[in-house]
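Colleague: What follows is the file entry19.cif, containing mmCIF, C-alpha atoms and all ligand atoms:
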```
data_work
#
loop_
_atom_site.label_atom_id
_atom_site.label_comp_id
_atom_site.auth_asym_id
_atom_site.auth_seq_id
_atom_site.Cartn_x
_atom_site.Cartn_y
_atom_site.Cartn_z
CA MET A 1 96.16 134.46 109.28
CA THR A 2 99.46 135.95 110.34
CA ASN A 3 101.68 134.84 113.07
CA ASP A 4 101.76 137.03 116.17
CA LYS A 5 104.27 134.97 118.11
CA ASN A 6 108.03 135.32 118.11
CA PRO A 7 109.86 132.51 116.35
CA LEU A 8 111.01 129.65 118.54
CA HIS A 9 114.23 129.19 116.55
CA VAL A 10 116.06 132.03 114.78
CA ALA A 11 119.10 131.23 112.63
CA ILE A 12 121.42 133.91 111.26
CA ILE A 13 123.91 133.93 108.40
CA MET A 14 126.12 136.79 109.57
CA ASP A 15 127.40 138.16 106.26
CA GLY A 16 129.13 141.35 105.18
CA ASN A 17 132.00 141.74 107.66
CA GLY A 18 134.55 141.97 104.83
CA ARG A 19 132.58 144.61 102.93
CA TRP A 20 132.06 146.64 106.11
CA ALA A 21 135.84 146.74 106.60
CA LYS A 22 136.50 147.50 102.92
CA GLN A 23 134.14 150.49 103.02
CA ARG A 24 136.39 151.88 105.77
CA ASN A 25 139.69 150.93 104.09
CA LEU A 26 140.41 148.53 106.93
CA PRO A 27 141.74 144.97 106.80
CA ARG A 28 138.97 142.32 106.72
CA ILE A 29 139.71 141.18 110.26
CA PHE A 30 138.46 144.55 111.58
CA GLY A 31 135.11 143.66 110.02
CA HIS A 32 135.04 140.33 111.86
CA ARG A 33 135.95 142.11 115.10
CA ALA A 34 133.05 144.54 114.59
CA GLY A 35 130.95 141.46 113.74
CA MET A 36 131.77 140.04 117.16
CA GLU A 37 130.22 143.16 118.75
CA SER A 38 127.02 142.48 116.80
CA VAL A 39 127.11 138.89 118.06
CA ASN A 40 127.31 140.24 121.63
CA LYS A 41 124.38 142.59 121.07
CA ILE A 42 122.13 140.06 119.37
CA VAL A 43 122.85 137.22 121.82
CA SER A 44 121.93 139.49 124.77
CA TYR A 45 118.88 140.92 123.05
CA ALA A 46 117.49 137.61 121.77
CA SER A 47 117.90 136.10 125.24
CA LYS A 48 116.15 139.13 126.79
CA LEU A 49 113.25 138.77 124.32
CA GLY A 50 112.83 135.12 125.31
CA ILE A 51 113.91 133.60 121.96
CA LYS A 52 114.42 129.94 122.85
CA TYR A 53 116.96 128.91 120.16
CA LEU A 54 119.47 131.14 118.35
CA SER A 55 121.79 129.58 115.75
CA LEU A 56 124.69 131.65 114.41
CA PHE A 57 126.76 130.66 111.37
CA ALA A 58 130.22 131.57 112.68
CA PHE A 59 132.52 129.45 110.48
CA SER A 60 131.64 127.17 107.57
CA THR A 61 133.39 124.04 106.31
CA GLU A 62 134.32 126.19 103.26
CA ASN A 63 135.81 129.06 105.29
CA TRP A 64 139.12 127.13 105.67
CA LEU A 65 139.77 128.21 102.06
CA ARG A 66 140.20 131.84 103.14
CA PRO A 67 143.71 133.30 103.58
CA LYS A 68 145.52 131.77 106.56
CA ASP A 69 145.72 135.13 108.38
CA GLU A 70 141.98 135.58 108.17
CA VAL A 71 141.29 132.03 109.43
CA ASN A 72 143.72 132.54 112.35
CA GLY A 73 142.16 135.92 113.08
CA LEU A 74 138.68 134.38 113.21
CA MET A 75 139.91 131.70 115.64
CA GLU A 76 141.45 134.43 117.83
CA ILE A 77 138.16 136.33 117.81
CA LEU A 78 136.40 133.14 118.87
CA ASN A 79 138.88 132.74 121.74
CA GLU A 80 138.30 136.31 122.81
CA PHE A 81 134.53 135.94 122.59
CA ILE A 82 134.56 132.96 124.94
CA ASP A 83 136.99 134.62 127.39
CA LYS A 84 134.93 137.80 127.53
CA LYS A 85 131.47 136.23 127.52
CA PHE A 86 131.96 133.11 129.64
CA ASN A 87 130.50 134.58 132.86
CA GLU A 88 127.80 136.56 131.08
CA ILE A 89 126.55 133.46 129.28
CA ILE A 90 126.32 131.60 132.58
CA ASP A 91 124.67 134.59 134.35
CA LYS A 92 122.10 135.01 131.58
CA ASN A 93 121.15 131.32 131.92
CA ILE A 94 122.17 130.71 128.28
CA LYS A 95 123.08 127.19 127.22
CA LEU A 96 125.90 127.05 124.66
CA VAL A 97 126.02 124.24 122.13
CA VAL A 98 128.12 123.86 118.98
CA SER A 99 127.14 122.37 115.62
CA GLY A 100 129.87 121.22 113.28
CA ARG A 101 133.01 119.13 113.12
CA LEU A 102 134.53 120.58 116.27
CA GLU A 103 137.51 118.18 116.19
CA GLN A 104 139.12 120.31 113.43
CA ILE A 105 138.91 123.56 115.42
CA PRO A 106 142.31 124.50 116.93
CA GLU A 107 142.95 123.20 120.44
CA GLU A 108 142.77 126.53 122.34
CA PRO A 109 139.31 127.75 121.24
CA ARG A 110 138.08 124.12 121.21
CA SER A 111 138.96 123.45 124.83
CA LYS A 112 137.52 126.83 125.90
CA LEU A 113 134.32 126.03 124.02
CA GLU A 114 134.13 122.59 125.62
CA LYS A 115 134.46 124.17 129.09
CA LEU A 116 131.66 126.63 128.38
CA ILE A 117 129.44 123.94 126.84
CA ASP A 118 129.95 121.91 130.00
CA ALA A 119 129.51 124.81 132.44
CA SER A 120 126.30 125.98 130.75
CA SER A 121 124.81 122.55 130.09
CA ASN A 122 122.19 122.82 132.85
CA ASN A 123 121.09 126.33 131.93
CA SER A 124 117.42 126.55 131.04
CA GLY A 125 117.27 129.84 129.13
CA MET A 126 118.12 130.47 125.49
CA VAL A 127 120.08 127.81 123.63
CA LEU A 128 122.90 129.50 121.70
CA ASN A 129 123.93 127.19 118.88
CA LEU A 130 127.25 128.24 117.35
CA ALA A 131 127.75 126.69 113.93
CA LEU A 132 131.51 126.17 113.68
CA ASN A 133 133.25 124.25 110.94
CA TYR A 134 129.66 123.61 109.97
CA GLY A 135 128.19 122.51 106.65
CA GLY A 136 124.59 121.44 106.10
CA ARG A 137 125.64 118.59 103.82
CA SER A 138 128.35 117.44 106.26
CA GLU A 139 125.69 117.38 108.98
CA ILE A 140 123.54 115.07 106.85
CA VAL A 141 126.54 112.87 105.90
CA ASP A 142 127.55 112.67 109.58
CA ALA A 143 123.97 111.69 110.46
CA VAL A 144 123.96 108.93 107.83
CA ASN A 145 127.25 107.57 109.17
CA LYS A 146 125.88 107.56 112.73
CA ILE A 147 122.85 105.62 111.47
CA LEU A 148 125.07 103.05 109.71
CA LYS A 149 127.14 102.66 112.88
CA SER A 150 124.01 102.23 115.00
CA GLY A 151 123.06 99.18 112.94
CA LEU A 152 119.61 100.57 112.02
CA LYS A 153 118.39 99.13 108.72
CA GLU A 154 115.63 101.59 107.95
CA ILE A 155 114.50 105.10 108.89
CA LYS A 156 110.70 105.02 109.03
CA GLU A 157 109.91 108.59 110.04
CA GLU A 158 111.59 111.90 109.23
CA GLU A 159 111.65 112.56 112.98
CA ASP A 160 113.83 109.47 113.45
CA PHE A 161 116.40 110.87 111.02
CA LYS A 162 116.45 114.16 112.92
CA ASP A 163 117.65 112.28 116.01
CA PHE A 164 121.03 111.79 114.29
CA LEU A 165 121.63 115.45 113.40
CA TYR A 166 123.89 117.68 115.51
CA ASN A 167 122.09 118.62 118.75
CA PRO A 168 118.87 116.78 117.86
CA GLU A 169 116.92 118.62 120.58
CA ILE A 170 117.11 121.82 118.48
CA PRO A 171 113.87 122.22 116.51
CA ASP A 172 113.35 123.34 112.91
CA VAL A 173 114.31 126.92 112.09
CA ASP A 174 111.32 129.29 112.06
CA LEU A 175 113.15 132.40 110.86
CA LEU A 176 116.39 132.58 108.87
CA ILE A 177 118.04 135.99 108.69
CA ARG A 178 120.84 136.73 106.22
CA THR A 179 122.54 140.10 106.23
CA SER A 180 124.41 142.00 103.47
CA GLY A 181 121.95 141.53 100.61
CA GLU A 182 123.07 138.03 99.57
CA MET A 183 120.10 135.76 98.94
CA ARG A 184 121.48 132.27 99.41
CA ILE A 185 121.27 129.51 102.00
CA SER A 186 125.01 128.69 101.63
CA ASN A 187 124.79 125.18 103.05
CA PHE A 188 123.34 126.33 106.40
CA MET A 189 121.06 124.01 108.42
CA LEU A 190 119.67 122.32 105.32
CA TRP A 191 117.45 119.84 107.14
CA ARG A 192 116.00 122.30 109.63
CA LEU A 193 115.38 125.07 107.08
CA ALA A 194 112.68 123.06 105.27
CA TYR A 195 109.81 125.37 106.33
CA ALA A 196 111.73 128.41 107.57
CA GLU A 197 110.64 131.93 106.72
CA LEU A 198 113.54 133.67 104.97
CA TYR A 199 114.46 137.28 105.73
CA PHE A 200 117.14 139.08 103.74
CA THR A 201 118.42 142.54 104.59
CA GLU A 202 120.97 144.80 102.89
CA VAL A 203 122.39 145.74 106.31
CA LEU A 204 125.94 144.45 106.81
CA TRP A 205 126.42 142.22 109.86
CA PRO A 206 128.54 144.73 111.86
CA ASP A 207 125.66 147.24 111.49
CA PHE A 208 122.98 144.73 112.51
CA ASP A 209 121.66 145.78 115.92
CA GLU A 210 118.63 145.41 118.19
CA LYS A 211 116.50 147.64 115.91
CA GLU A 212 117.34 145.51 112.87
CA PHE A 213 116.53 142.34 114.83
CA ASP A 214 113.14 143.84 115.78
CA LYS A 215 112.48 144.58 112.09
CA ALA A 216 113.20 140.95 111.19
CA LEU A 217 110.87 139.71 113.97
CA ASP A 218 108.10 142.12 112.89
CA ASN A 219 108.48 140.94 109.32
CA TYR A 220 108.27 137.31 110.49
CA LYS A 221 105.08 138.05 112.41
CA SER A 222 103.48 139.42 109.23
CA ARG A 223 104.00 136.10 107.38
CA VAL A 224 101.31 133.47 106.91
CA ARG A 225 102.80 130.04 107.60
CA ARG A 226 100.83 127.30 105.90
CA PHE A 227 103.19 124.31 106.08
CA GLY A 228 101.59 123.01 102.86
CA MET A 229 98.01 123.47 104.11
CA THR A 230 95.24 125.83 102.98
CA ASP A 231 94.36 129.12 104.72
CA GLU A 232 91.06 127.56 105.83
CA GLN A 233 92.79 124.63 107.52
CA ILE A 234 95.17 127.02 109.28
CA MET A 235 92.18 129.16 110.43
CA ARG A 236 90.54 126.04 111.86
CA GLY A 237 93.78 125.23 113.68
CA GLU A 238 94.22 121.86 111.96
CA PHE A 239 97.90 121.52 112.72
C1 LIG B 301 130.88 136.57 106.74
O1 LIG B 301 131.37 137.82 106.34
C2 LIG B 301 131.25 136.25 108.09
C3 LIG B 301 132.04 135.21 108.47
C4 LIG B 301 132.65 134.28 107.52
C5 LIG B 301 132.38 134.97 109.86
C6 LIG B 301 131.39 135.35 110.90
C7 LIG B 301 132.16 135.71 112.10
C8 LIG B 301 131.85 136.67 112.99
C9 LIG B 301 130.60 137.46 112.97
C10 LIG B 301 132.87 136.96 114.03
C11 LIG B 301 132.49 136.68 115.42
C12 LIG B 301 131.81 135.41 115.68
C13 LIG B 301 131.72 134.83 116.90
C14 LIG B 301 130.81 133.72 117.10
C15 LIG B 301 132.52 135.29 118.02
P1 LIG B 301 132.33 137.89 105.07
O2 LIG B 301 133.72 137.88 105.57
O3 LIG B 301 132.00 136.80 104.13
O4 LIG B 301 131.94 139.28 104.49
P2 LIG B 301 131.99 139.72 102.94
O5 LIG B 301 131.04 138.84 102.21
O6 LIG B 301 131.56 141.15 102.99
O7 LIG B 301 133.42 139.55 102.49
#
```
Turn the structure described in the file into structure tokens.

Modeller:
Amino acid sequence: MTNDKNPLHVAIIMDGNGRWAKQRNLPRIFGHRAGMESVNKIVSYASKLGIKYLSLFAFSTENWLRPKDEVNGLMEILNEFIDKKFNEIIDKNIKLVVSGRLEQIPEEPRSKLEKLIDASSNNSGMVLNLALNYGGRSEIVDAVNKILKSGLKEIKEEEDFKDFLYNPEIPDVDLLIRTSGEMRISNFMLWRLAYAELYFTEVLWPDFDEKEFDKALDNYKSRVRRFGMTDEQIMRGEF
């Protein structure tokens, strides 16, 4: 029994910006800039399609290891993205949230992000979750530290652990997309990926557009999701 509904939560590892630039003999930062245009397209399109949660891996805890110019360039692109998209995000009823250790993000993009998070906090449309200075293991370590601080002595249910993750209202990932042909999870949303359908495409992120997003959604709809059960149980709706 396949799945005819769109995923509730789509997460994307936006990979291949550097290779896109290299193919054109351009500096890597041009690839990230082109990647920002894909972000614009996919955010608008996903919101139009009624996707409820969209998580984008924009900067990992490991990305600080990249050359300083590239890191600074990425922070500038983030600044520009917020400046340009602030009103559109509000108008499209999108709620912006951030996952990651935001305190290490430079002051300018951080304060802009905080303003947009605040201004969009009552929006009821798509939740856009930007993973920034994000690592899946750091998220779990941060959750454990919050639990220790809270004084809890035991976690009885998995659901109770989830309450300590970043933005606990965000559900499990249904569909993970990774562009550029790499087939790895790369420390993204480890807890919430437990039952995600994985979709890998050779397309580089700057070339990923509405048509490519449709392909990923169609592919997702062709999958049978059993969550550890048998086909018969799924057919009988025992979940
Ligand atoms: C991976 O490509 C991409 C990143 C590390 C950064 C993602 C950033 C953007 C898409 C820019 C805009 C984002 C926002 C939210 C405004 P890579 O550099 O690892 O590519 P490569 O593997 O081909 O070198």

Colleague: What is the distance between CA of Lys92 in chain A and CA of Gly50 in chain A, in Å to one decimal?

Modeller: 11.2 Å

Colleague: What is the CA of Tyr220 in chain A-CA of Ser186 in chain A distance in Å, reported with one decimal?

Modeller: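 Separating CA of Tyr220 in chain A from CA of Ser186 in chain A is a distance of 20.8 Å.
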
Colleague: From the list A:Arg28, A:Lys52, A:Lys153, A:Lys5, which residue is nearest ligand LIG 301 (chain B) when using all atoms listed in the file?

Modeller: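 Checking each of A:Arg28, A:Lys52, A:Lys153, A:Lys5 against ligand LIG 301 (chain B), counting all atoms listed in the file, the winner is A:Arg28.
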
Colleague: Excluding Arg225 in chain A and any residue of its chain fewer than 3 positions from it, enumerate the residues within 10 Å of it, using only C-alpha atoms, and give them as a list of chain:residue names.

Modeller: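 Those residues are A:Met1, A:Thr2, A:Asn3, A:Asp174, A:Tyr195, A:Ala196, A:Glu197, A:Tyr220, A:Lys221, A:Ser222, A:Gly228, A:Met229, A:Thr230, A:Asp231, A:Ile234.
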
Colleague: Select the residues contacting ligand LIG 301 (chain B) at a distance of at most 8 Å, based on all atoms listed in the file, then format the selection as number ranges by chain.

Modeller: A: 13-21, 28, 31-39, 56-60, 63, 74, 77-82, 130, 180, 204-206

Colleague: Go through A:Ala11, A:Lys156, A:Leu165, A:Glu210 one by one, measure the shortest atom-to-atom distance of each to Val144 in chain A using all atoms listed in the file, and give the residue with the smallest value.

Modeller: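 Using all atoms listed in the file, the shortest distance to Val144 in chain A belongs to A:Leu165.
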
Colleague: Would you mind telling me which residue in A:Lys22, A:Leu132, A:Glu159, A:Ile51 lies nearest to Pro106 in chain A when using all atoms listed in the file?

Modeller: A:Leu132

Colleague: Would you work out the distance separating CA of Thr201 in chain A from CA of Ile177 in chain A, expressed in Å to one decimal?

Modeller: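 The value is 7.7 Å.
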
Colleague: For each of A:Asp69, A:Glu202, A:Asp172, A:Asp118, take the minimum atom-to-atom distance to Val98 in chain A, counting all atoms listed in the file, then give the residue where this is smallest.

Modeller: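 Among A:Asp69, A:Glu202, A:Asp172, A:Asp118, it is A:Asp118 that comes nearest to Val98 in chain A.
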
Colleague: Kindly indicate which residue among A:Asn133, A:Ser124, A:Asn187, A:Val173 lies nearest to Leu65 in chain A, using only C-alpha atoms for the distances.

Modeller: A:Asn133

Colleague: Kindly extract all protein, DNA and RNA residues lying within 12 Å of the coordinates (132.2, 125.6, 129.5) given in the file, considering all atoms listed in the file, and supply them as a VMD selection string.

Modeller: chain A and resid 82 to 83 85 to 90 94 to 98 109 to 123

Colleague: Restricted to C-alpha atoms, what would the selected residues look like written as a PDB file, keeping the file's coordinate frame?

Modeller:
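Resulting contents of result_28.pdb:
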```
ATOM      1  CA  ILE A  82     134.560 132.960 124.940  1.00  0.00           C
ATOM      2  CA  ASP A  83     136.990 134.620 127.390  1.00  0.00           C
ATOM      3  CA  LYS A  85     131.470 136.230 127.520  1.00  0.00           C
ATOM      4  CA  PHE A  86     131.960 133.110 129.640  1.00  0.00           C
ATOM      5  CA  ASN A  87     130.500 134.580 132.860  1.00  0.00           C
ATOM      6  CA  GLU A  88     127.800 136.560 131.080  1.00  0.00           C
ATOM      7  CA  ILE A  89     126.550 133.460 129.280  1.00  0.00           C
ATOM      8  CA  ILE A  90     126.320 131.600 132.580  1.00  0.00           C
ATOM      9  CA  ILE A  94     122.170 130.710 128.280  1.00  0.00           C
ATOM     10  CA  LYS A  95     123.080 127.190 127.220  1.00  0.00           C
ATOM     11  CA  LEU A  96     125.900 127.050 124.660  1.00  0.00           C
ATOM     12  CA  VAL A  97     126.020 124.240 122.130  1.00  0.00           C
ATOM     13  CA  VAL A  98     128.120 123.860 118.980  1.00  0.00           C
ATOM     14  CA  PRO A 109     139.310 127.750 121.240  1.00  0.00           C
ATOM     15  CA  ARG A 110     138.080 124.120 121.210  1.00  0.00           C
ATOM     16  CA  SER A 111     138.960 123.450 124.830  1.00  0.00           C
ATOM     17  CA  LYS A 112     137.520 126.830 125.900  1.00  0.00           C
ATOM     18  CA  LEU A 113     134.320 126.030 124.020  1.00  0.00           C
ATOM     19  CA  GLU A 114     134.130 122.590 125.620  1.00  0.00           C
ATOM     20  CA  LYS A 115     134.460 124.170 129.090  1.00  0.00           C
ATOM     21  CA  LEU A 116     131.660 126.630 128.380  1.00  0.00           C
ATOM     22  CA  ILE A 117     129.440 123.940 126.840  1.00  0.00           C
ATOM     23  CA  ASP A 118     129.950 121.910 130.000  1.00  0.00           C
ATOM     24  CA  ALA A 119     129.510 124.810 132.440  1.00  0.00           C
ATOM     25  CA  SER A 120     126.300 125.980 130.750  1.00  0.00           C
ATOM     26  CA  SER A 121     124.810 122.550 130.090  1.00  0.00           C
ATOM     27  CA  ASN A 122     122.190 122.820 132.850  1.00  0.00           C
ATOM     28  CA  ASN A 123     121.090 126.330 131.930  1.00  0.00           C
TER      29      ASN A 123
END
```

Colleague: Please return, as a list in words, all polymer residues that have at least one atom within 10 Å of the point (118.3, 119.6, 108.5); use only C-alpha atoms and the file's own coordinate frame.

Modeller: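 All residues meeting the 10 Å criterion around (118.3, 119.6, 108.5) are Gly136, Arg137, Glu139, Ile140, Ala143, Phe161, Lys162, Leu165, Tyr166, Pro168, Pro171, Asp172, Val173, Phe188, Met189, Leu190, Trp191, Arg192, Leu193 and Ala194 of chain A.
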
Colleague: Restricting the calculation to only C-alpha atoms, which member of A:Val43, A:Ala131, A:Val203, A:Ile105 is positioned closest to Asn93 in chain A?

Modeller: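 Checking each of A:Val43, A:Ala131, A:Val203, A:Ile105 against Asn93 in chain A, counting only C-alpha atoms, the winner is A:Val43.
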